[in-house]
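Remarks on the structure that follows.
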Amino acid sequence: MDGEEAGQPKRELYALLQVSPEATDEDIRKAYRHWAQVYHPDKYQDFHMQQIATENFQRICQAYEILSDEYKRQIYDIYGMEGINSGLELGPKLNKVEELKAELERLRKRKEEEKMLAHFRPSGTILSHLSLPQFLDGDGIMRGMAMSSEVQSQLSKRTAIAIGGNLEVNENSGGGAASTVLRHQLSPVSSIEFIASAGLRALIGVQTTRNLSLHSTATIAIAKSLRDGSINLSNTWTRQLSETANGNIQLLLGPESSIAVGWQKKHEKMSASGELKIGTSSFAVSAHYTHRFSSKSHGRIAGRFGSTNLEVEVGGGRKLSNFSTVRMLYTIGIQGIFWKFELHRGGQKLIIPMLLSRHLNPVFATGAFVIPTSLYFLLKKFVVKPYYLQREKQKTLENKERNSAQVQEARAAAVKAQQLLKIVANRKISRHLETNELVITKAVYGSSKALKKADESREVNQESASEVFDVTIPLNFLINDSGQLKLHEGVKKSGIMGFCDPCPGEPKLLHVEFTYGGKRFEVEVDDYAALLIPQESHRV
């Protein structure tokens, strides 16, 4: 499925009749009568116009036939036209309503099973410790290595299991552990987890979480070590402080008792967190700040200070694809000077920290930061960015070539549909201009990138013209008797009569310019977003 439409049902039949997906049977009947009158072939004398009207009248009738039938509509809402065309309707394959219900229920269960399989999520981390001083001493560059892996699976709607393990080797010593976590949702506001692990950290435990209110959560856990018999009891309280921030307090009682206070904040452009932890024999303070420069790149600074640690970390990362992110980090602290490389892909991580020096030499520390940073920006500017721009351009061209015939056919059908709407639309425009009512002066639907470029240059260039489609006529036609234009939420706009999808697979926008009461207005909405105009907030 295309990236822009993942998880989004097209629901083009609803767009065709201009009704909401929640429309009642009466709403659908009224819409059908309205559009049937518009496209009835008998209204047109010209043979060419009759042919166009016949094509669109058949589309209206098909939409009504499906949406007016309770069971066909259920199938369409779940599986789209693919479900309708596959024989899941009253006919030779399913002659009785009861059979249709049984088949629909079977397919629903199958879809739930597929969704369950999608919850089977593996994750893992490979950590490779490198040492430049050790390599220069002739002892090899590898200091140690660690691997961890976990598989999560949804056993039922309310129960999940996670099975994991890890192995670690550090110079001449090593060890490993295996763990299992069983989670069960007791109610909409509470859950319980059973934990067991074997190996270096052999223990058993139980943890329960409950939502105390809309903004507060409490977690209590108890664990017993199978190695020394010690018991740890922890209580954690989390509260949402605002729409983008929350805080937590954790109390841990055991061989190493402690209390910790933390804070996290996250929104579109940045994320930050901080924690203060005081124990019976130690203390620690940590904080981090991440700033997103764009949807693909970010910078990060973090610091840790305590009885056993003192370090500062700076760096950044870039999103390579929908599944991959790479990071380069520079750390200086009491343990030495490090470079760290991280590659995240799906649930997998590769982390390679390299020790550059055990001594905090200011000149070496400055060079270790400046030189790779400069190389990074040079590579990004002259190698990485041109490569990804070229790759993205190539993908766009391949997508256009693959869909060119489909797009041309859809454009031709939309132009024909607009010919039938034009007379009524022009009549509305003339009448509304005289009375200073709503008039759509310009409406364009298509590629988000093309429309954003057009906003910057105030016009659509020739290169972008193929990625957008003029929909001024159908939107003027859709202005209702109250002088408003309303498009429903959750319905793909390319299904509206007189529209077409000029760039399948790409994110799309609808750009509308209109006048009302002698004033100019302008608005842009996403492909599946609702639209109601006129509104004062759209005024230019």
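Order determines the names: the first chain of the structure tokens is A, the second B, and so forth; residues in each chain are numbered 1 upward, and ligands are numbered 1 upward as they are shown.
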Contacts of Gly299 (chain A) within 10 Å, only C-alpha atoms, excl. fewer than 2 positions in-chain, as number ranges by chain: A: 270, 289-293, 297, 301, 314-318, 327-329
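Every residue of region 433-520 of chain A with a DSSP assignment of alpha helix (DSSP H), taken from the backbone, is listed as Leu433, Glu434, Thr435, Ser448, Lys449, Ala450, Leu451, Lys452, Lys453, Ala454, Asp455, Glu456, Ser457, Gln462, Glu463, Ser464, Ala465, Thr472, Ile473, Pro474, Leu475, Asn476 and Phe477 of chain A.
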Residue contacts of Ser273 (chain A) (7 Å, only C-alpha atoms) excluding same-chain residues fewer than 3 positions away, as an NGL selection string: :A and (263-265 or 287-289)
Those same residues, written as a PDB file, in the first residue's frame with N, CA and C atoms?
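out11.pdb written:
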```
ATOM      1  N   TRP A 263      11.524  14.047  34.664  1.00  0.00           N
ATOM      2  CA  TRP A 263      10.648  14.932  33.882  1.00  0.00           C
ATOM      3  C   TRP A 263      10.938  14.716  32.401  1.00  0.00           C
ATOM      4  N   GLN A 264       9.893  14.663  31.575  1.00  0.00           N
ATOM      5  CA  GLN A 264      10.056  14.482  30.137  1.00  0.00           C
ATOM      6  C   GLN A 264       9.127  15.441  29.402  1.00  0.00           C
ATOM      7  N   LYS A 265       9.623  15.965  28.323  1.00  0.00           N
ATOM      8  CA  LYS A 265       8.817  16.854  27.481  1.00  0.00           C
ATOM      9  C   LYS A 265       9.096  16.511  26.026  1.00  0.00           C
ATOM     10  N   ALA A 287      20.505  14.577  32.078  1.00  0.00           N
ATOM     11  CA  ALA A 287      19.592  15.400  31.284  1.00  0.00           C
ATOM     12  C   ALA A 287      19.940  15.248  29.811  1.00  0.00           C
ATOM     13  N   HIS A 288      18.941  15.420  28.946  1.00  0.00           N
ATOM     14  CA  HIS A 288      19.214  15.405  27.512  1.00  0.00           C
ATOM     15  C   HIS A 288      18.252  16.352  26.805  1.00  0.00           C
ATOM     16  N   TYR A 289      18.711  16.878  25.660  1.00  0.00           N
ATOM     17  CA  TYR A 289      17.874  17.752  24.844  1.00  0.00           C
ATOM     18  C   TYR A 289      18.095  17.380  23.388  1.00  0.00           C
TER      19      TYR A 289
END
```
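For the set A:Asn399, A:Asn56, A:Ser191, A:Ser448, the residue with the smallest atom-to-atom gap to Leu16 (chain A) is A:Asn56, counting only C-alpha atoms.
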DSSP strand (DSSP E) residues within region 310-431 of chain A, as a PyMOL selection string: chain A and resi 310-319+324-333+336-345+348-357
Neighbour list for region 200-215 of chain A as number ranges by chain, cut-off 9 Å, only C-alpha atoms, skip fewer than 3 positions in-chain: A: 175-179, 188-197, 218-227, 229, 238-241, 246
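The protein and nucleic acid residues lying at most 7 Å from Ile496 (chain A) are Ala15, Leu16, Gln18, Lys493 and Phe499 of chain A, with only C-alpha atoms considered and sequence neighbours fewer than 3 positions away removed.
For the atom pair formed by CA of Phe341 (chain A) and CA of Leu127 (chain A), the distance is 10.1 Å, given to one decimal.
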Contact residues around Val415 (chain A) with only C-alpha atoms at 10 Å, ignoring same-chain residues under 3 positions, as number ranges by chain: A: 52, 410-412, 418-421, 469-471, 497-500
Contacts of Gly517 (chain A) at 9 Å (only C-alpha atoms; same-chain gap of 5+ positions) as a list in words: Thr435, Asn436, Glu437 and Leu438 of chain A
